[in-house]
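Scroll down for the structure; my scribbles are underneath it.
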Amino acid sequence: MQNIAEKSYSDSSGDLLAELNQPALEPMARAEWLLVSISMGVGLVLLGGLAWWVRA
Amino acid sequence: MKKHVVLTDDLFALGLGLFIALVALPTLFSPGIQPWGWASSIQEWVSPAQAIKTVDAKSSLSAGMSLAATLVFLLAALMFIDLVRGKAILPNMSRHAVVLALGYGCFVLGHHGILATTNASKLKSFGLSWSMGLTGEAGYLLALLAGLLLGNLLPGVGRWLRQGASTELFIKTAIVLVGVGLASKTLGQAGRAGELIARGLAAIAEAYLLYWAMVYLLARTVFKFPREWAAPLASGISICGVSAAMATGSAIRARPGVPVIVSSLVVVFSTIELLVLPWFAKWLLPDDPMVAAAWMGLAVKTDGAATAAGAVTEALYQPGEGSLMLAATTLIKVFIDLFIGVWCFVLALVWEFAFPEERATNAEGVIEKVRWTELFSRMPLFLIGFFIAFVGLLTLGLNHPEMGESIKKVEGQTEAFRKPLFALAFLAIGLATDFRKLWSPGLGKLVLVYLVALFGFILWIALAISWLFFHGVPAVASAVGG
């Protein structure tokens, strides 16, 4: 698999955009799932708490 | 530290904004003295002689001289910035001069009674039977239209002007000065400070924790974007556009082209949002001006477009003297912006430890380490200026209520620069917006993610949260009471 380090110096707009037409080879890693889950969880709890505080 | 890291628009915006505010401060201690009293203040007009007045009515300067002096001051400031940056001063001088003249010209035209007047007695005194009632902020739209026309129909002229028009500098300097206005408007309603902070925190929770995660998930799982694209795209769409995308790109060590392409898309879409969303808000929420104002801060990306959308929304609702609408939009945007650095720091940590192989290599082929100092330097400095102005004047006003009138006079002086700086930012946004970008091959997939995220959930979650936190909040400071 070609990693980012190998393609660092071929980043004209055309080359970069062409990458987007090919699906990423890697599925979401565990760290990404954790980041997304924690973000949404904390966000919802914080929003709920603040909404309750402001509306109370 | 490298020179280009230090001399950012942020730094100059902080310097220029604080300079304008500091020069006005002697008024606090001697209300008869207005150091910016000679500056021009643009008024509604039907006869050109009515268009320009001096900030201090007692100033002996004529209207024409006042405008000329104001333009010369701003030109000198821009040339000084060029000098410090080591840029060629003389070639840029003509560009700056034309940009300033165009921006001020649009702002003055926008104050014509037909476009701006909202007051029935003023309409009568102008001899007008009707007006579009957009307030003087119609000048922002004229500046945006002028920029769009020049940038897209006369690309050569647009390119030439773009080099003398810094959106970031104009908008960030203006936002530092918004801090002065916000302090002045907030004084007398200190009991509401806690609620404002809660609402600001809600904006952060929404932008960072919900939007970002949802856009990232969409880009990675549905559209199969690589991580390197998904992170800057999520930041650009969900946080605050250009600066967030660039800072995220830096935090995860993406190739420079990635955040630049994302930023271009964000600017184009922000302009479209700016042209559509305020009117949609007015149609959808005719009796909820503060919900509409907060919605602009949460839904419209880029500082310039969001603040502009707030200003247009305020003009559409016409809440009257002491309106808090633009302040609400700005406060939300500022709260969101303030934590870009913190969020990028989190992303840098995750990428550093979870994906060490996904960082760009340097010229020697060695994988680059994330530089924490660089992340700190990306903390938006203009926001520090905003908070210095806001918290400083608010604290002073709360401890010395007798200074309330003087603080209003300080605000009056800084407003003479803030509003035209916004108009200049609109012009610069228009000049930088290339609608043809949307038709470039390969951008289709990016555009699709943007459309799905924006119309699929960002607009509606922002609307729901704005309603939850701002429904029933009065739009006019005086209506709130002390």
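Naming scheme: A, B, ... for chains in displayed order of the structure tokens; residues 1 onward per chain; ligands 1 onward as shown.
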Handout entry: Residues within 9 Å of B:Leu274, only C-alpha atoms, excluding chain neighbours under 5 positions, as a PyMOL selection string
Key = chain B and resi 269+296+300+305-306+308-310+312
Problem - Residues near A:Val45, cut-off 12 Å, only C-alpha atoms, skip fewer than 6 positions along chain, as a ChimeraX atom specification - result: /A:38-39,51-52 /B:202,205-206,209-210
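The space separating atom CA of B:Ala24 from atom CA of B:Leu427 comes to 26.6 Å.
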Problem - Residues within 10 Å of A:Glu26, only C-alpha atoms, excluding chain neighbours under 6 positions, as an NGL selection string - result: (:A and (1)) or (:B and (220 or 224-227))
When you look at B:Arg159 with a cut-off of 12 Å (counting only C-alpha atoms), what residues show up, excluding the ones that are within fewer than 3 positions of it in the same chain? I need them as a compact mmCIF listing (two decimals) with N, CA and C atoms, in the first residue's frame.
# COMPACT_ATOMS: atom_id res chain seq x y z
N ARG B 95 -2.56 48.73 -5.21
CA ARG B 95 -3.59 47.70 -5.00
C ARG B 95 -4.39 47.99 -3.74
N VAL B 99 -8.37 48.81 -3.46
CA VAL B 99 -9.22 47.97 -2.62
C VAL B 99 -9.94 48.82 -1.57
N GLY B 147 -16.88 42.30 -5.44
CA GLY B 147 -15.78 41.35 -5.44
C GLY B 147 -16.06 40.15 -6.33
N LEU B 148 -17.28 39.62 -6.23
CA LEU B 148 -17.64 38.46 -7.05
C LEU B 148 -17.58 38.80 -8.55
N LEU B 150 -15.89 41.28 -10.04
CA LEU B 150 -14.52 41.54 -10.49
C LEU B 150 -13.71 40.24 -10.55
N GLY B 151 -13.87 39.40 -9.52
CA GLY B 151 -13.07 38.18 -9.44
C GLY B 151 -13.43 37.15 -10.50
N ASN B 152 -14.71 37.11 -10.86
CA ASN B 152 -15.15 36.07 -11.79
C ASN B 152 -15.34 36.55 -13.22
N LEU B 153 -15.71 37.80 -13.41
CA LEU B 153 -15.90 38.29 -14.78
C LEU B 153 -14.65 38.95 -15.34
N LEU B 154 -13.85 39.55 -14.46
CA LEU B 154 -12.58 40.17 -14.90
C LEU B 154 -11.44 39.54 -14.09
N PRO B 155 -11.14 38.26 -14.38
CA PRO B 155 -10.19 37.54 -13.52
C PRO B 155 -8.82 38.21 -13.41
N GLY B 156 -8.39 38.89 -14.46
CA GLY B 156 -7.09 39.58 -14.40
C GLY B 156 -7.11 40.68 -13.36
N ARG B 162 -6.63 41.02 -5.61
CA ARG B 162 -6.53 40.04 -4.51
C ARG B 162 -5.24 40.20 -3.72
N GLN B 163 -4.18 40.60 -4.43
CA GLN B 163 -2.89 40.75 -3.74
C GLN B 163 -2.88 41.93 -2.77
N GLY B 164 -3.86 42.79 -2.91
CA GLY B 164 -3.94 43.92 -1.99
C GLY B 164 -5.11 43.82 -1.03
N ALA B 165 -5.78 42.65 -1.05
CA ALA B 165 -6.99 42.50 -0.21
C ALA B 165 -6.86 41.26 0.64
N ALA B 428 -13.04 41.33 -0.25
CA ALA B 428 -11.95 40.36 -0.40
C ALA B 428 -12.49 38.94 -0.56
N GLY B 430 -15.36 38.13 -1.90
CA GLY B 430 -15.88 38.06 -3.28
C GLY B 430 -14.75 37.88 -4.28
N LEU B 431 -13.67 38.63 -4.10
CA LEU B 431 -12.54 38.54 -5.02
C LEU B 431 -11.91 37.15 -5.00
N ALA B 432 -11.93 36.50 -3.82
CA ALA B 432 -11.26 35.20 -3.68
C ALA B 432 -12.16 34.03 -4.02
N THR B 433 -13.43 34.30 -4.28
CA THR B 433 -14.36 33.19 -4.53
C THR B 433 -14.42 32.89 -6.02
N ASP B 434 -13.93 31.71 -6.37
CA ASP B 434 -13.93 31.30 -7.76
C ASP B 434 -15.01 30.24 -7.96
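Distance check against chain B using only C-alpha atoms: of A:Trp33, A:Gly48, A:Met40, A:Ala56, the minimum falls on A:Met40.
Checking B:Ala453, B:Ala183, B:Ile171, B:Ala49 one by one against B:Gly404, counting only C-alpha atoms, you find the shortest gap at B:Ala183.
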Problem - Residue contacts of B:Ala281 (9 Å, only C-alpha atoms) excluding same-chain residues fewer than 6 positions away, as a VMD selection string - result: chain B and resid 289 291 to 293 295 to 296 313
Could you please take those selected residues and save N, CA, C and O atoms as a compact mmCIF listing (two decimals), in the first residue's frame?
# COMPACT_ATOMS: atom_id res chain seq x y z
N PRO B 289 -35.52 36.39 16.16
CA PRO B 289 -34.28 36.94 15.61
C PRO B 289 -33.00 36.38 16.23
O PRO B 289 -32.02 36.16 15.53
N VAL B 291 -32.54 33.41 17.52
CA VAL B 291 -32.33 32.05 17.03
C VAL B 291 -31.67 32.12 15.65
O VAL B 291 -30.70 31.40 15.36
N ALA B 292 -32.19 33.05 14.81
CA ALA B 292 -31.62 33.21 13.47
C ALA B 292 -30.17 33.65 13.55
O ALA B 292 -29.31 33.15 12.82
N ALA B 293 -29.88 34.60 14.46
CA ALA B 293 -28.51 35.11 14.58
C ALA B 293 -27.56 34.00 15.04
O ALA B 293 -26.45 33.85 14.50
N TRP B 295 -28.04 30.86 14.64
CA TRP B 295 -27.97 29.88 13.55
C TRP B 295 -26.87 30.26 12.55
O TRP B 295 -26.13 29.40 12.08
N MET B 296 -26.75 31.55 12.25
CA MET B 296 -25.71 31.99 11.33
C MET B 296 -24.32 31.64 11.88
O MET B 296 -23.43 31.19 11.16
N THR B 313 -28.50 39.23 8.53
CA THR B 313 -29.69 38.77 9.26
C THR B 313 -30.21 39.89 10.16
O THR B 313 -31.42 40.14 10.23
